[in-house]
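Written below as structure tokens is the structure these notes are about.
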Amino acid sequence: MKARLLPEAYISEEWFKKEQQLLFRPLWQFVAPKMLLSKNNAFVTRNVAGINIVIQNFDGQITAIENICLHRQSPLQTESNGIRPLICAYHGWKYSSDGKVSNIPFQDSSYRLTDCERHSLKARTFSVYCFGNLVFVNVSENPLAFDEQFSLTELESLRQASELFDDEVLVTTFHTKMNWKLVYENLRDALHPRFLHANTVYKQVKFQERIDPSDFNNTKEYINTKTISREEHFSVLRSFSGGGLNEPMPNMPTYAWHQFVERYGNDDWYLNWLVYPNLHIASGSGGYSFIIEHHQPVSASRTDLIVYYVTGKKKRHYSTSAAVLLSHIDGAEKVLREDIDMMEKIQAALNADSPSACLGDFEYTNQKIERWYLDVMEGQHEL
Ligand code: FES
Ligand SMILES: [Fe+2]
């Protein structure tokens, strides 16, 4: 069946801006694993729906604040993560957890702001939700309930797995030249690994595309129904996020470090969770370690892939833990590169006259997301 999304949806900056407004602003989005924010003054900076945000720990409280100084618009934090009080580096204005300016050096001698001016200085703050060790932000003024976007039952196994994440995290960022939708469509395509990853991950994990008959029929009915109720619209949205045991790994290798960390579950299986719109978490070691892939759209043809590697909680310190995380990068990057190279080639080839995609039945989840997404973009349902 012809895809409903035209090439424009992947290449047009105008489309991208509309998408930021209609889709990303109302939705909860993953911003970081909580372990990066566990210490006082620990922070990450992220772009959520076009807004630069700093998410920072203030004496244990995690707060999301617009990352722009109210004096001369300098970013308050300039690194993507770190530990530093929320003080602007330009002239030293200091901010508190409610976004208010708590100190202005040389206020009395140089700025001479009135009390009224001082008290009205407040940076925008945004809603934060911690789900296990996963931190989400919503930039809308009236955020939808977290459990309206996500089924907590479907994501319970992810919450439990995240509670086991260790504090030692390795972070790398890929600045890719592709539209974010190519990433999520690729993640929901279980047929490509036998071709694209034939010499890497497919050797260990035989990913199978599955067509669940009742799910398939419901999806077909949904995509052919003209008018969808608000309840159904949200129920479809919730069906985009979930996961857990994905495929068995009969010859899963065992490493010495496994004995030093807690394991999620007890199955020699590949674990895989997808969280719409911007998060993918997997474990290729049967729950001893995890890769967290976080997709941050930058423009129509740019997406930052922030990747975090973490093992299960250490039962005790062991000297090779940093090397263990580095070895994960080696393995995972090969597979990631295979995907990124393909997506970048697709992105580079797309133009307004390109033919639309032709989706098969096994791609019914992507067909469902297309229908839902276009309802949002065409203003059928406000989120
Ligand atoms: S721009 Fe931030 S203190 Fe001046
Ligand atoms: Fe892939």
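Going through the structure tokens in order, the chains are called A, B, and so on, while each chain numbers its residues from 1 and the ligands are numbered from 1 in the order shown.
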Review point. When the cut-off is 8 Å and you count only C-alpha atoms and all ligand atoms, which residues lie near ligand 2, shown as a ChimeraX atom specification?
Key: /A:186-187,189,192-193,196-197,335-336,338-339
**Study point:** helix (DSSP H, G or I) per DSSP on the backbone: members of range 160-377 of chain A, as number ranges by chain
**Key:** A: 160-163, 180-187, 193-196, 201-204, 213-224, 230-238, 256-260, 321-349, 361-377
Check your understanding: Can you list, as a PyMOL selection string, every protein, DNA or RNA residue that comes within 12 Å of Thr254 in chain A when you count only C-alpha atoms, leaving out same-chain residues fewer than 6 positions away?
Key -> chain A and resi 268+284-288
Kindly export the residues of the current selection with N, CA and C atoms, as a CSV table (one decimal), in the first residue's frame.
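Once everything was written out, this is selection-v1.csv:
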```csv
chain,number,residue,atom,x,y,z
A,268,ASP,N,17.7,-15.4,28.4
A,268,ASP,CA,18.7,-15.1,27.3
A,268,ASP,C,18.0,-14.6,26.1
A,284,GLY,N,21.3,-6.1,24.4
A,284,GLY,CA,21.8,-7.2,23.6
A,284,GLY,C,22.5,-8.2,24.4
A,285,SER,N,22.4,-8.1,25.8
A,285,SER,CA,23.1,-9.0,26.7
A,285,SER,C,22.1,-9.7,27.7
A,286,GLY,N,20.9,-9.7,27.3
A,286,GLY,CA,19.9,-10.4,28.1
A,286,GLY,C,19.7,-9.7,29.5
A,287,GLY,N,19.8,-8.4,29.5
A,287,GLY,CA,19.5,-7.7,30.7
A,287,GLY,C,20.7,-7.3,31.6
A,288,TYR,N,21.9,-7.6,31.2
A,288,TYR,CA,23.1,-7.2,32.0
A,288,TYR,C,23.5,-5.8,31.7
```
Check your understanding: Which is closer to ligand 1 than all the others in A:Arg25, A:Lys2, A:Lys94, A:His258, using only C-alpha atoms and all ligand atoms?
Key -> A:Lys94
Exercise for review: Let me have all residues with an atom within 7 Å of ligand 1, counting only C-alpha atoms and all ligand atoms, laid out as JSON, numbers by chain.
Suggested key: {"A": [69, 70, 71, 72, 73, 74, 76, 88, 89, 90, 91, 92, 93]}
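One distance worth recording is that between CA of Glu117 in chain A and CA of Thr63 in chain A, which is 23.7 Å.
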Check your understanding: Do you know which residues are at most 8 Å from range 36-52 of chain A counting only C-alpha atoms, after dropping those on the same chain fewer than 3 positions away, and could you put them as an MDAnalysis selection string?
Key -> chainID A and resid 20:21 24:25 29 31:33 55:60 62 66:68 77:86 139 167 169 296 298
**Study point:** Counting only C-alpha atoms, the option among A:Glu382, A:Glu163, A:Glu344, A:Asp330 closest to Ser301 in chain A
**Key:** A:Glu344
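From CA of Glu262 in chain A back to CA of Lys314 in chain A, the distance works out to 6.4 Å.
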